[in-house]
Amino acid sequence: MSISILPRGAASPAEVSSSIAQPGIDAWRRPSPLPAVMLEPVVRAALLEDLGRAGDITTDAIVDPDTRSRLRLVARKAGVLAGLDLARMAFTLTDPRIEVLPGMHDGTRLQPGDEIAVVSGPARGILTAERTALNLLCHLSGVASATAAIADAIRPYGTRVTCTRKTLPGMRALQKYAVRVGGGSNHRFGLDDAMLIKDNHVALAGGIRPAVERARAAAGHLVKIELEVDTLAQLEEALSLNVDVVLLDNMELDQLRQAVAMAKGRAVTEASGGVTPSTAPAIAATGVDLIAIGWITHSVQVLDIGLDA
């Protein structure tokens, strides 16, 4: 990383251009930013983990405390921006004198070289917060970018991509926000907002019917019930019990098409299992309502964004 040094006591940088790049999704459908009260605990914990017991001993030893700098957050690869509020918070929590002037918003489609924001202020604080800010920004932009790639590929079929509970500990709300930024939908947020009956539940209950009947007896009037099935026979039994959603797990394309035809008008259909950007269009073409993908949160590649002069 190269750094431009401003003279001591230099004024704040000029205003960033107000032009906004083409958003990844329609502005009226863009997810609302998460409130600061949800972001701060994550950012603060990440900073404390990095600062350890003595702070940034390298920067403190080398950089004069009065040195000011002006740097830019720049996209190095194409993708979708997400997590800018967290990056900004990482800088300002480290030193409130740091100013972050965004030129883009979450959901913007990025091209290599795009200037995302200008960061200016005390150089020590900027360098100390840099890695935490980029870790959060690059990861969440990676989630949004991966989601957008799938959403773009299946858009002609009217199918939606949705995430799962396979999220990094402590990051679920943020990762699910990034999925929405990328044009995807959220599955349940935890174990308490919907019922998903999986194969182990069925086995322990002694069958699909007792599992569904027990779930329905315990569910509140706003709680939906989803059942995982992997055969058409299981699907027929599930449909006879009027479940709300059927999770069609690891079905071949011909089997998926039959399942969609059987469930049409009777339950929402969700396909899962080994979905990639190249296989998603064929899965969507079967007519399923949703495609659930775990890797867009638990093992996604980060989007390369740098802090440059």
# chains A, B, ... in the order shown; residues from 1 in each chain; ligands from 1

$ select_by_dssp --residues "segment 171-260 of chain A" --states "alpha helix (DSSP H)" --output "JSON, numbers by chain"
{"A": [172, 173, 174, 175, 176, 177, 178, 179, 180, 181, 199, 200, 201, 202, 203, 204, 205, 208, 209, 210, 211, 212, 213, 214, 215, 216, 217, 218, 232, 233, 234, 235, 236, 237, 238, 239, 240, 253, 254, 255, 256, 257, 258, 259, 260]}

$ residues_around --residues "Val246 of chain A" --least-positions-apart "5" --cutoff "8 Å" --atoms "only C-alpha atoms" --output "MDAnalysis selection string"
chainID A and resid 226:229 235 238 267:270

$ write_last_selection --atoms "C-alpha atoms" --output "short mmCIF file (atom, residue, chain, number, x, y, z; two decimals), in the first residue's frame"
data_model
loop_
_atom_site.label_atom_id
_atom_site.label_comp_id
_atom_site.auth_asym_id
_atom_site.auth_seq_id
_atom_site.Cartn_x
_atom_site.Cartn_y
_atom_site.Cartn_z
CA GLU A 226 -40.86 -26.49 5.70
CA LEU A 227 -40.08 -30.16 5.13
CA GLU A 228 -36.98 -31.61 3.50
CA VAL A 229 -37.64 -34.43 1.04
CA LEU A 235 -43.00 -35.21 -1.47
CA ALA A 238 -45.60 -33.90 2.54
CA ALA A 267 -46.46 -25.56 -1.60
CA VAL A 268 -43.47 -23.34 -2.23
CA THR A 269 -40.58 -25.31 -3.74
CA GLU A 270 -36.93 -24.86 -2.75
#

$ residues_around --residues "Ala280 of chain A" --least-positions-apart "4" --cutoff "12 Å" --atoms "only C-alpha atoms" --output "ChimeraX atom specification"
/A:147,149-157,159-161,253,271-276,284-288,290-293

$ write_last_selection --atoms "N, CA and C atoms" --output "PDB file, in the first residue's frame"
ATOM      1  N   THR A 147     -23.737 -13.714  -4.651  1.00  0.00           N
ATOM      2  CA  THR A 147     -25.203 -13.770  -4.727  1.00  0.00           C
ATOM      3  C   THR A 147     -25.687 -13.174  -6.035  1.00  0.00           C
ATOM      4  N   ALA A 149     -24.140 -12.966  -8.848  1.00  0.00           N
ATOM      5  CA  ALA A 149     -23.809 -13.828  -9.984  1.00  0.00           C
ATOM      6  C   ALA A 149     -24.882 -14.892 -10.186  1.00  0.00           C
ATOM      7  N   ILE A 150     -25.359 -15.469  -9.080  1.00  0.00           N
ATOM      8  CA  ILE A 150     -26.425 -16.467  -9.175  1.00  0.00           C
ATOM      9  C   ILE A 150     -27.741 -15.793  -9.566  1.00  0.00           C
ATOM     10  N   ALA A 151     -28.059 -14.678  -8.905  1.00  0.00           N
ATOM     11  CA  ALA A 151     -29.324 -13.980  -9.182  1.00  0.00           C
ATOM     12  C   ALA A 151     -29.402 -13.560 -10.649  1.00  0.00           C
ATOM     13  N   ASP A 152     -28.306 -13.078 -11.200  1.00  0.00           N
ATOM     14  CA  ASP A 152     -28.283 -12.673 -12.605  1.00  0.00           C
ATOM     15  C   ASP A 152     -28.531 -13.874 -13.514  1.00  0.00           C
ATOM     16  N   ALA A 153     -27.918 -15.007 -13.165  1.00  0.00           N
ATOM     17  CA  ALA A 153     -28.005 -16.195 -14.023  1.00  0.00           C
ATOM     18  C   ALA A 153     -29.409 -16.788 -14.058  1.00  0.00           C
ATOM     19  N   ILE A 154     -30.164 -16.653 -12.962  1.00  0.00           N
ATOM     20  CA  ILE A 154     -31.478 -17.294 -12.905  1.00  0.00           C
ATOM     21  C   ILE A 154     -32.627 -16.315 -13.082  1.00  0.00           C
ATOM     22  N   ARG A 155     -32.315 -15.041 -13.275  1.00  0.00           N
ATOM     23  CA  ARG A 155     -33.366 -14.024 -13.368  1.00  0.00           C
ATOM     24  C   ARG A 155     -34.409 -14.327 -14.452  1.00  0.00           C
ATOM     25  N   PRO A 156     -34.032 -14.838 -15.626  1.00  0.00           N
ATOM     26  CA  PRO A 156     -35.046 -15.084 -16.660  1.00  0.00           C
ATOM     27  C   PRO A 156     -36.130 -16.081 -16.241  1.00  0.00           C
ATOM     28  N   TYR A 157     -35.866 -16.890 -15.223  1.00  0.00           N
ATOM     29  CA  TYR A 157     -36.809 -17.933 -14.835  1.00  0.00           C
ATOM     30  C   TYR A 157     -37.714 -17.526 -13.672  1.00  0.00           C
ATOM     31  N   THR A 159     -36.908 -17.416 -10.622  1.00  0.00           N
ATOM     32  CA  THR A 159     -36.499 -18.112  -9.405  1.00  0.00           C
ATOM     33  C   THR A 159     -35.626 -17.185  -8.570  1.00  0.00           C
ATOM     34  N   ARG A 160     -35.694 -17.308  -7.251  1.00  0.00           N
ATOM     35  CA  ARG A 160     -34.882 -16.484  -6.363  1.00  0.00           C
ATOM     36  C   ARG A 160     -33.807 -17.328  -5.688  1.00  0.00           C
ATOM     37  N   VAL A 161     -32.639 -16.718  -5.478  1.00  0.00           N
ATOM     38  CA  VAL A 161     -31.567 -17.368  -4.722  1.00  0.00           C
ATOM     39  C   VAL A 161     -31.708 -16.963  -3.268  1.00  0.00           C
ATOM     40  N   LEU A 253     -32.339 -33.179 -12.228  1.00  0.00           N
ATOM     41  CA  LEU A 253     -33.193 -32.214 -12.913  1.00  0.00           C
ATOM     42  C   LEU A 253     -34.552 -32.793 -13.297  1.00  0.00           C
ATOM     43  N   ALA A 271     -35.046 -25.741  -4.006  1.00  0.00           N
ATOM     44  CA  ALA A 271     -34.038 -26.733  -4.376  1.00  0.00           C
ATOM     45  C   ALA A 271     -32.738 -26.431  -3.652  1.00  0.00           C
ATOM     46  N   SER A 272     -31.989 -27.487  -3.304  1.00  0.00           N
ATOM     47  CA  SER A 272     -30.698 -27.301  -2.655  1.00  0.00           C
ATOM     48  C   SER A 272     -29.782 -28.455  -2.998  1.00  0.00           C
ATOM     49  N   GLY A 273     -28.478 -28.220  -2.791  1.00  0.00           N
ATOM     50  CA  GLY A 273     -27.507 -29.283  -2.978  1.00  0.00           C
ATOM     51  C   GLY A 273     -26.589 -29.071  -4.168  1.00  0.00           C
ATOM     52  N   GLY A 274     -25.348 -28.675  -3.901  1.00  0.00           N
ATOM     53  CA  GLY A 274     -24.323 -28.598  -4.935  1.00  0.00           C
ATOM     54  C   GLY A 274     -24.574 -27.584  -6.028  1.00  0.00           C
ATOM     55  N   VAL A 275     -25.226 -26.485  -5.718  1.00  0.00           N
ATOM     56  CA  VAL A 275     -25.550 -25.478  -6.732  1.00  0.00           C
ATOM     57  C   VAL A 275     -24.323 -24.602  -7.005  1.00  0.00           C
ATOM     58  N   THR A 276     -24.039 -24.371  -8.275  1.00  0.00           N
ATOM     59  CA  THR A 276     -22.955 -23.491  -8.698  1.00  0.00           C
ATOM     60  C   THR A 276     -23.516 -22.486  -9.708  1.00  0.00           C
ATOM     61  N   ALA A 284     -33.039 -23.616 -12.078  1.00  0.00           N
ATOM     62  CA  ALA A 284     -34.125 -22.629 -12.119  1.00  0.00           C
ATOM     63  C   ALA A 284     -35.109 -22.938 -13.237  1.00  0.00           C
ATOM     64  N   ALA A 285     -34.627 -23.475 -14.340  1.00  0.00           N
ATOM     65  CA  ALA A 285     -35.489 -23.783 -15.486  1.00  0.00           C
ATOM     66  C   ALA A 285     -36.516 -24.862 -15.178  1.00  0.00           C
ATOM     67  N   THR A 286     -36.312 -25.616 -14.093  1.00  0.00           N
ATOM     68  CA  THR A 286     -37.303 -26.628 -13.715  1.00  0.00           C
ATOM     69  C   THR A 286     -38.559 -25.985 -13.132  1.00  0.00           C
ATOM     70  N   GLY A 287     -38.453 -24.697 -12.765  1.00  0.00           N
ATOM     71  CA  GLY A 287     -39.620 -23.998 -12.223  1.00  0.00           C
ATOM     72  C   GLY A 287     -39.642 -23.866 -10.718  1.00  0.00           C
ATOM     73  N   VAL A 288     -38.578 -24.259 -10.030  1.00  0.00           N
ATOM     74  CA  VAL A 288     -38.565 -24.122  -8.570  1.00  0.00           C
ATOM     75  C   VAL A 288     -38.660 -22.649  -8.192  1.00  0.00           C
ATOM     76  N   LEU A 290     -37.360 -21.293  -5.321  1.00  0.00           N
ATOM     77  CA  LEU A 290     -36.156 -20.840  -4.627  1.00  0.00           C
ATOM     78  C   LEU A 290     -35.013 -21.816  -4.853  1.00  0.00           C
ATOM     79  N   ILE A 291     -33.787 -21.286  -4.841  1.00  0.00           N
ATOM     80  CA  ILE A 291     -32.588 -22.119  -4.827  1.00  0.00           C
ATOM     81  C   ILE A 291     -31.773 -21.711  -3.611  1.00  0.00           C
ATOM     82  N   ALA A 292     -31.566 -22.645  -2.684  1.00  0.00           N
ATOM     83  CA  ALA A 292     -30.826 -22.369  -1.449  1.00  0.00           C
ATOM     84  C   ALA A 292     -29.362 -22.743  -1.640  1.00  0.00           C
ATOM     85  N   ILE A 293     -28.470 -21.826  -1.253  1.00  0.00           N
ATOM     86  CA  ILE A 293     -27.033 -22.038  -1.442  1.00  0.00           C
ATOM     87  C   ILE A 293     -26.299 -21.648  -0.160  1.00  0.00           C
TER      88      ILE A 293
END

$ closest_residue --among "A:Ala129, A:Val212, A:Ala309, A:Ala46" --to "Leu73 of chain A" --atoms "only C-alpha atoms"
A:Ala309
